[in-house]
$ cat model-v8.cif   # mmCIF, C-alpha atoms
data_coords
#
loop_
_atom_site.label_atom_id
_atom_site.label_comp_id
_atom_site.auth_asym_id
_atom_site.auth_seq_id
_atom_site.Cartn_x
_atom_site.Cartn_y
_atom_site.Cartn_z
CA MET R 1 7.27 -4.89 20.37
CA THR R 2 8.78 -4.56 16.92
CA GLY R 3 10.15 -7.85 15.65
CA HIS R 4 11.88 -9.26 12.60
CA VAL R 5 9.59 -9.03 9.56
CA THR R 6 9.86 -11.55 6.74
CA ALA R 7 6.38 -11.41 5.15
CA PRO R 8 5.02 -8.80 2.71
CA VAL R 9 4.16 -5.60 4.60
CA ALA R 10 1.26 -4.78 2.26
CA ALA R 11 -1.00 -6.89 0.09
CA PRO R 12 0.82 -8.43 -2.88
CA ALA R 13 -0.32 -7.16 -6.27
CA ASP R 14 -2.80 -9.46 -7.98
CA GLU R 15 -1.16 -8.81 -11.33
CA LEU R 16 1.46 -6.61 -12.94
CA PRO R 17 0.55 -3.75 -15.27
CA THR R 18 0.35 -4.95 -18.86
CA TRP R 19 3.47 -2.92 -19.72
CA VAL R 20 5.65 -4.52 -17.00
CA ARG R 21 7.64 -7.75 -17.19
CA LEU R 22 9.82 -9.25 -14.46
CA LEU R 23 13.11 -11.07 -15.03
CA ARG R 24 14.50 -12.33 -11.71
CA ALA R 25 18.26 -12.73 -11.51
CA PRO R 26 19.66 -16.06 -10.26
CA ASN R 27 21.25 -14.60 -7.12
CA PRO R 28 19.00 -15.63 -4.22
CA GLY R 29 20.28 -15.11 -0.71
CA PRO R 30 19.46 -13.80 2.77
CA MET R 31 19.76 -10.19 1.61
CA THR R 32 18.50 -10.57 -1.97
CA LEU R 33 15.48 -12.80 -1.14
CA ASP R 34 14.57 -14.73 -4.33
CA GLY R 35 17.09 -12.71 -6.34
CA THR R 36 17.35 -9.22 -7.80
CA ASN R 37 14.31 -8.09 -9.76
CA THR R 38 15.15 -6.77 -13.21
CA TRP R 39 12.12 -4.90 -14.49
CA LEU R 40 11.37 -4.53 -18.21
CA LEU R 41 9.00 -1.70 -19.11
CA ARG R 42 7.39 -1.38 -22.54
CA ALA R 43 4.10 0.22 -23.52
CA PRO R 44 1.90 -1.81 -25.85
CA GLY R 45 2.92 -1.08 -29.42
CA SER R 46 6.32 0.31 -28.48
CA ALA R 47 9.36 -1.14 -30.25
CA GLU R 48 11.69 -0.46 -27.32
CA THR R 49 12.07 -1.41 -23.66
CA VAL R 50 13.35 0.37 -20.56
CA VAL R 51 15.41 -1.88 -18.28
CA VAL R 52 15.56 -1.16 -14.55
CA ASP R 53 18.36 -2.75 -12.46
CA PRO R 54 20.27 -5.23 -14.67
CA GLY R 55 21.39 -7.11 -11.56
CA PRO R 56 24.56 -9.17 -11.17
CA LEU R 57 27.18 -9.94 -13.78
CA ASP R 58 25.51 -13.17 -14.87
CA GLU R 59 25.83 -13.84 -18.59
CA ALA R 60 22.68 -15.96 -18.84
CA HIS R 61 20.60 -13.32 -17.08
CA LEU R 62 22.02 -10.53 -19.22
CA ALA R 63 21.32 -12.59 -22.35
CA ARG R 64 17.65 -12.83 -21.35
CA ILE R 65 17.53 -9.04 -21.04
CA VAL R 66 19.10 -8.61 -24.48
CA GLU R 67 16.55 -11.02 -25.97
CA ALA R 68 13.78 -8.73 -24.67
CA GLY R 69 15.22 -5.75 -26.58
CA PRO R 70 15.68 -3.47 -28.35
CA VAL R 71 16.43 -1.38 -25.25
CA ALA R 72 16.04 2.40 -25.14
CA ALA R 73 17.69 2.96 -21.75
CA VAL R 74 18.91 1.22 -18.62
CA LEU R 75 18.04 2.82 -15.27
CA ILE R 76 19.51 2.08 -11.84
CA THR R 77 17.67 2.47 -8.52
CA HIS R 78 20.87 2.50 -6.41
CA GLY R 79 24.46 1.41 -6.61
CA HIS R 80 24.60 -1.82 -4.62
CA PRO R 81 26.36 -4.53 -6.64
CA ASP R 82 23.43 -6.94 -6.77
CA HIS R 83 21.68 -4.26 -8.86
CA THR R 84 24.57 -2.87 -10.88
CA ASP R 85 27.36 -5.39 -11.44
CA GLY R 86 25.91 -6.36 -14.83
CA SER R 87 25.30 -2.80 -16.05
CA ARG R 88 28.42 -2.11 -18.07
CA ARG R 89 28.44 -5.55 -19.61
CA LEU R 90 24.77 -5.14 -20.57
CA SER R 91 25.51 -1.78 -22.16
CA ASP R 92 28.25 -3.40 -24.22
CA LEU R 93 26.00 -6.28 -25.25
CA LEU R 94 23.38 -3.75 -26.38
CA GLY R 95 25.85 -1.78 -28.47
CA GLY R 96 26.39 1.07 -26.04
CA VAL R 97 22.88 1.72 -24.72
CA PRO R 98 23.19 4.39 -21.99
CA VAL R 99 22.91 3.49 -18.31
CA ARG R 100 21.60 6.22 -15.99
CA ALA R 101 21.98 6.27 -12.21
CA VAL R 102 22.19 8.99 -9.58
CA ASP R 103 25.82 8.09 -8.86
CA PRO R 104 28.11 8.89 -11.81
CA ALA R 105 30.11 5.78 -10.93
CA HIS R 106 27.20 3.65 -12.16
CA THR R 107 26.33 5.83 -15.18
CA VAL R 108 27.48 4.79 -18.66
CA ASP R 109 27.53 7.16 -21.65
CA ALA R 110 24.86 9.44 -20.21
CA GLU R 111 24.17 12.18 -17.70
CA PRO R 112 23.45 10.95 -14.16
CA LEU R 113 19.85 11.14 -13.02
CA GLY R 114 19.27 14.52 -11.44
CA ALA R 115 22.53 15.98 -12.78
CA GLY R 116 22.74 19.70 -12.10
CA ASP R 117 19.56 19.77 -10.00
CA PRO R 118 20.39 19.18 -6.33
CA ALA R 119 16.91 20.29 -5.29
CA GLY R 120 15.53 17.03 -6.66
CA ALA R 121 13.01 18.53 -9.11
CA TRP R 122 14.05 16.07 -11.76
CA PRO R 123 12.33 16.13 -15.15
CA PRO R 124 10.55 13.00 -16.33
CA LEU R 125 12.00 10.73 -18.98
CA GLU R 126 9.99 9.59 -21.99
CA ALA R 127 10.93 6.22 -23.47
CA ALA R 128 9.27 3.01 -24.67
CA GLY R 129 5.91 4.78 -24.78
CA LEU R 130 6.10 5.54 -21.04
CA VAL R 131 6.69 8.55 -18.82
CA VAL R 132 9.26 7.80 -16.11
CA GLU R 133 9.61 10.28 -13.25
CA PRO R 134 12.73 9.85 -11.08
CA ILE R 135 11.95 10.50 -7.40
CA PRO R 136 15.00 10.98 -5.16
CA THR R 137 14.57 8.75 -2.11
CA PRO R 138 17.90 8.67 -0.24
CA GLY R 139 18.23 6.72 2.98
CA HIS R 140 18.83 3.07 2.18
CA THR R 141 21.80 4.51 0.28
CA ALA R 142 22.66 8.10 -0.55
CA ASP R 143 21.99 7.48 -4.25
CA SER R 144 18.64 5.66 -3.94
CA VAL R 145 15.97 6.75 -6.38
CA CYS R 146 12.47 5.48 -7.07
CA LEU R 147 10.90 5.60 -10.51
CA LEU R 148 7.25 6.53 -11.00
CA VAL R 149 6.12 5.14 -14.34
CA GLU R 150 2.86 6.06 -16.07
CA HIS R 151 1.07 4.81 -19.15
CA GLU R 152 -2.37 6.14 -20.05
CA GLY R 153 -3.22 6.88 -16.42
CA ASP R 154 -1.95 3.56 -15.10
CA ARG R 155 0.91 4.05 -12.63
CA ALA R 156 3.51 1.93 -10.86
CA ILE R 157 6.51 2.90 -8.79
CA LEU R 158 9.82 1.04 -8.82
CA THR R 159 11.17 1.21 -5.29
CA GLY R 160 14.56 -0.51 -5.52
CA ASP R 161 15.57 -1.49 -1.98
CA THR R 162 13.81 1.46 -0.36
CA ILE R 163 10.72 -0.76 -0.06
CA LEU R 164 11.03 -4.52 -0.55
CA GLY R 165 8.39 -7.02 -1.58
CA ARG R 166 8.94 -9.01 1.61
CA GLY R 167 10.18 -7.88 4.99
CA THR R 168 12.00 -4.65 5.68
CA THR R 169 15.26 -3.23 4.38
CA VAL R 170 18.47 -1.95 5.99
CA VAL R 171 19.75 1.58 6.25
CA ALA R 172 23.21 0.94 4.86
CA HIS R 173 25.28 3.17 7.15
CA PRO R 174 27.47 5.13 6.62
CA ASP R 175 26.23 5.65 3.06
CA GLY R 176 22.65 5.33 4.22
CA ASN R 177 21.08 7.84 6.59
CA LEU R 178 18.05 7.31 8.79
CA ALA R 179 16.74 10.89 8.73
CA ASP R 180 16.85 10.80 4.93
CA TYR R 181 15.21 7.38 4.91
CA LEU R 182 12.31 8.47 7.11
CA ALA R 183 11.74 11.50 4.88
CA SER R 184 11.81 9.28 1.78
CA LEU R 185 9.27 6.88 3.30
CA ALA R 186 7.01 9.81 4.14
CA ARG R 187 7.21 10.87 0.51
CA LEU R 188 6.41 7.36 -0.73
CA ALA R 189 3.46 7.16 1.68
CA THR R 190 1.68 9.70 -0.54
CA TYR R 191 1.45 7.19 -3.40
CA ARG R 192 -1.76 5.59 -2.22
CA GLY R 193 -2.98 2.65 -4.25
CA VAL R 194 0.02 2.75 -6.62
CA THR R 195 1.59 -0.63 -7.38
CA ALA R 196 5.11 -0.96 -5.96
CA LEU R 197 7.67 -2.87 -8.02
CA PRO R 198 10.53 -3.57 -5.57
CA GLY R 199 14.13 -4.58 -6.12
CA HIS R 200 13.53 -7.91 -4.38
CA GLY R 201 10.42 -9.94 -3.64
CA PRO R 202 6.89 -9.72 -5.06
CA ALA R 203 5.12 -6.62 -6.32
CA LEU R 204 2.88 -4.90 -3.76
CA ALA R 205 -0.57 -3.50 -4.43
CA ASP R 206 -0.16 -0.25 -2.46
CA CYS R 207 3.11 1.65 -2.15
CA GLY R 208 1.56 4.06 0.35
CA ALA R 209 0.44 1.26 2.67
CA ALA R 210 3.87 -0.36 2.53
CA ALA R 211 5.55 2.97 3.34
CA ASP R 212 3.20 3.45 6.31
CA TYR R 213 4.23 0.06 7.67
CA TYR R 214 7.92 0.80 7.14
CA LEU R 215 7.60 4.12 8.98
CA ALA R 216 5.90 2.48 11.95
CA HIS R 217 8.48 -0.32 11.97
CA ARG R 218 11.36 2.17 11.98
CA GLN R 219 9.85 4.12 14.84
CA GLY R 220 9.45 0.87 16.76
CA ARG R 221 13.07 -0.04 16.18
CA LEU R 222 14.16 3.43 17.30
CA ALA R 223 12.26 2.95 20.56
CA GLN R 224 14.05 -0.38 21.06
CA VAL R 225 17.44 1.19 20.42
CA ARG R 226 16.69 4.02 22.85
CA ALA R 227 15.77 1.42 25.46
CA ALA R 228 18.99 -0.53 24.80
CA VAL R 229 21.07 2.63 25.25
CA ASP R 230 19.17 3.46 28.46
CA ALA R 231 19.95 -0.08 29.68
CA GLY R 232 23.67 0.57 29.23
CA ASP R 233 24.43 -0.74 25.74
CA ARG R 234 26.91 1.53 24.01
CA THR R 235 28.43 -0.32 21.07
CA PRO R 236 26.53 -1.32 17.91
CA THR R 237 27.36 -4.96 18.65
CA GLU R 238 25.72 -4.75 22.08
CA VAL R 239 22.63 -3.03 20.67
CA VAL R 240 22.28 -5.57 17.86
CA ALA R 241 22.48 -8.49 20.29
CA ARG R 242 19.62 -7.03 22.34
CA VAL R 243 17.38 -5.45 19.69
CA TYR R 244 17.86 -8.02 16.93
CA ALA R 245 17.87 -11.11 19.13
CA ASP R 246 15.08 -12.58 16.96
CA VAL R 247 17.24 -12.32 13.82
CA ASP R 248 19.60 -15.07 12.66
CA PRO R 249 23.03 -14.09 14.08
CA ALA R 250 24.47 -14.74 10.62
CA LEU R 251 22.68 -11.53 9.56
CA TRP R 252 23.74 -9.36 12.50
CA TRP R 253 26.44 -7.79 10.32
CA ALA R 254 23.64 -6.26 8.23
CA ALA R 255 21.57 -5.31 11.27
CA GLU R 256 24.61 -3.38 12.51
CA TRP R 257 24.27 -1.07 9.50
CA SER R 258 20.81 -0.04 10.64
CA VAL R 259 21.85 0.16 14.30
CA ARG R 260 24.71 2.50 13.46
CA ALA R 261 22.28 4.65 11.48
CA GLN R 262 19.83 4.66 14.40
CA LEU R 263 22.51 5.54 16.96
CA GLU R 264 23.69 8.37 14.72
CA TYR R 265 20.09 9.60 14.41
CA LEU R 266 19.78 9.55 18.21
CA GLY R 267 23.08 11.37 18.66
CA VAL R 268 24.85 8.45 20.35
CA PRO R 269 28.56 8.38 19.33
CA VAL R 270 29.71 5.18 17.62
CA GLY R 271 32.98 4.07 16.06
CA GLU R 272 33.63 3.74 12.37
CA SER R 273 32.68 0.58 10.50
CA ASP R 274 35.48 -1.92 10.04
CA GLY R 275 34.43 -2.35 6.39
CA SER R 276 33.42 -6.01 6.81
CA GLU R 277 29.99 -5.27 5.30
CA ALA R 278 31.35 -4.08 1.99
CA ARG R 279 28.87 -6.00 -0.18
CA LEU R 280 25.18 -6.11 0.56
CA ASP R 281 24.75 -9.31 -1.44
CA GLN R 282 27.53 -11.23 0.33
CA PRO R 283 26.82 -11.70 4.05
#

$ encode --input "model-v8.cif" --output "structure tokens"
Amino acid sequence: MTGHVTAPVAAPADELPTWVRLLRAPNPGPMTLDGTNTWLLRAPGSAETVVVDPGPLDEAHLARIVEAGPVAAVLITHGHPDHTDGSRRLSDLLGGVPVRAVDPAHTVDAEPLGAGDPAGAWPPLEAAGLVVEPIPTPGHTADSVCLLVEHEGDRAILTGDTILGRGTTVVAHPDGNLADYLASLARLATYRGVTALPGHGPALADCGAAADYYLAHRQGRLAQVRAAVDAGDRTPTEVVARVYADVDPALWWAAEWSVRAQLEYLGVPVGESDGSEARLDQP
């Protein structure tokens, strides 16, 4: 039986690539784990840095990012506020450095990632001595993107909240979509042995192994939801109470996101969200 997962789903990475540095934002919580991971990427000998996910609007955290500059670009894995609230302020502090995200709402003085290419064949970016390939991975949110980074044959993939360093993530319905998420996990499962740098929690040694676990976990949850519907549960609240009974009830609001996505995937009609889950980082 699938249960609540709080441990890493793949082996933690023994060490980060030499061109990766982690700054963790001071916003720990039930949904953000130890806090949002801001990743700084810079090839040896490069004068500039690429920043991924500035995190919350916390002046001390943003000052630490600025100190690590100069910054060539700021990239966003998805638009949840615990990843983006500091973006515009950081751009200002850096003198107008562009911020690029899939969603134009989170893009500053630049083209959105994937602009004009709905097929998702997005060209790589070259900055800070690195090659950064955006990989569209919708599901957790519609605008989720992973970033495959390479330097001299050494690769790592920044997974945002699509794959976390500990536990599993939510499908943030209605923006998130389970069919998209399963397809994105299948795509990430092909990155065997590639270090995963997640939006929260520790780095993982094997993105492919983590994606395999996530796929199996999602299928297990779907089986539980089917069983709950067969037992007579019809509302997301009823399904959450049965399927997520091993989860702290204080987090059931977040579990309802995933349940709504699962019911939609199964073709079970559900009502609209009441909007109470407006911020992922504020349960």

$ resolve_selection --input "model-v8.cif" --expression "the PyMOL selection byres ((chain R and resi 55) around 12)" --output "ChimeraX atom specification"
/R:23-28,32,35-39,51-54,56-62,64-65,74-90,160,199-200,281

$ resolve_selection --input "model-v8.cif" --expression "the PyMOL selection byres ((chain R and resi 256-270) around 7)" --output "ChimeraX atom specification"
/R:170-173,177-179,222,235-237,240,252-255,271-272

$ closest_residue --input "model-v8.cif" --among "R:Ile135, R:Ala10, R:Leu41, R:Ala203" --to "Leu188 (chain R)" --atoms "all atoms listed in the file"
R:Ile135

$ closest_residue --input "model-v8.cif" --among "R:Ala72, R:Leu197, R:Leu215, R:Val66" --to "Val20 (chain R)" --atoms "all atoms listed in the file"
R:Leu197

$ closest_residue --input "model-v8.cif" --among "R:Arg218, R:Thr137, R:Pro104, R:Ala121" --to "Thr168 (chain R)" --atoms "all atoms listed in the file"
R:Arg218

$ residues_around --input "model-v8.cif" --residues "Asp206 (chain R)" --least-positions-apart "3" --cutoff "10 Å" --atoms "all atoms listed in the file" --output "ChimeraX atom specification"
/R:9-13,156-157,189,191-197,203,209-211

$ closest_residue --input "model-v8.cif" --among "R:Gly232, R:Val239, R:Arg42, R:Arg155" --to "Ala205 (chain R)" --atoms "all atoms listed in the file"
R:Arg155

$ atom_distance --input "model-v8.cif" --atom1 "CA of Pro249 (chain R)" --atom2 "CA of Met31 (chain R)"
13.5 Å

$ residues_around --input "model-v8.cif" --residues "Thr49 (chain R)" --least-positions-apart "4" --cutoff "9 Å" --atoms "all atoms listed in the file" --output "list in words"
Leu40, Leu41, Arg42, Ala43, Ala68, Gly69, Pro70, Val71, Ala72, Ala73, Val74, Ala127, Ala128 and Gly129 of chain R

$ resolve_selection --input "model-v8.cif" --expression "the PyMOL selection byres ((chain R and resi 139) around 6)" --output "list in words"
Pro138, His140, Thr141, Ala142, Gly176, Asn177, Leu178, Asp180 and Tyr181 of chain R

$ atom_distance --input "model-v8.cif" --atom1 "CA of Ala216 (chain R)" --atom2 "CA of Leu185 (chain R)"
10.3 Å

$ atom_distance --input "model-v8.cif" --atom1 "CA of Val225 (chain R)" --atom2 "CA of Ser184 (chain R)"
21.1 Å

$ closest_residue --input "model-v8.cif" --among "R:Pro30, R:Asp143, R:Ala228, R:Ala241" --to "Asp175 (chain R)" --atoms "all atoms listed in the file"
R:Asp143
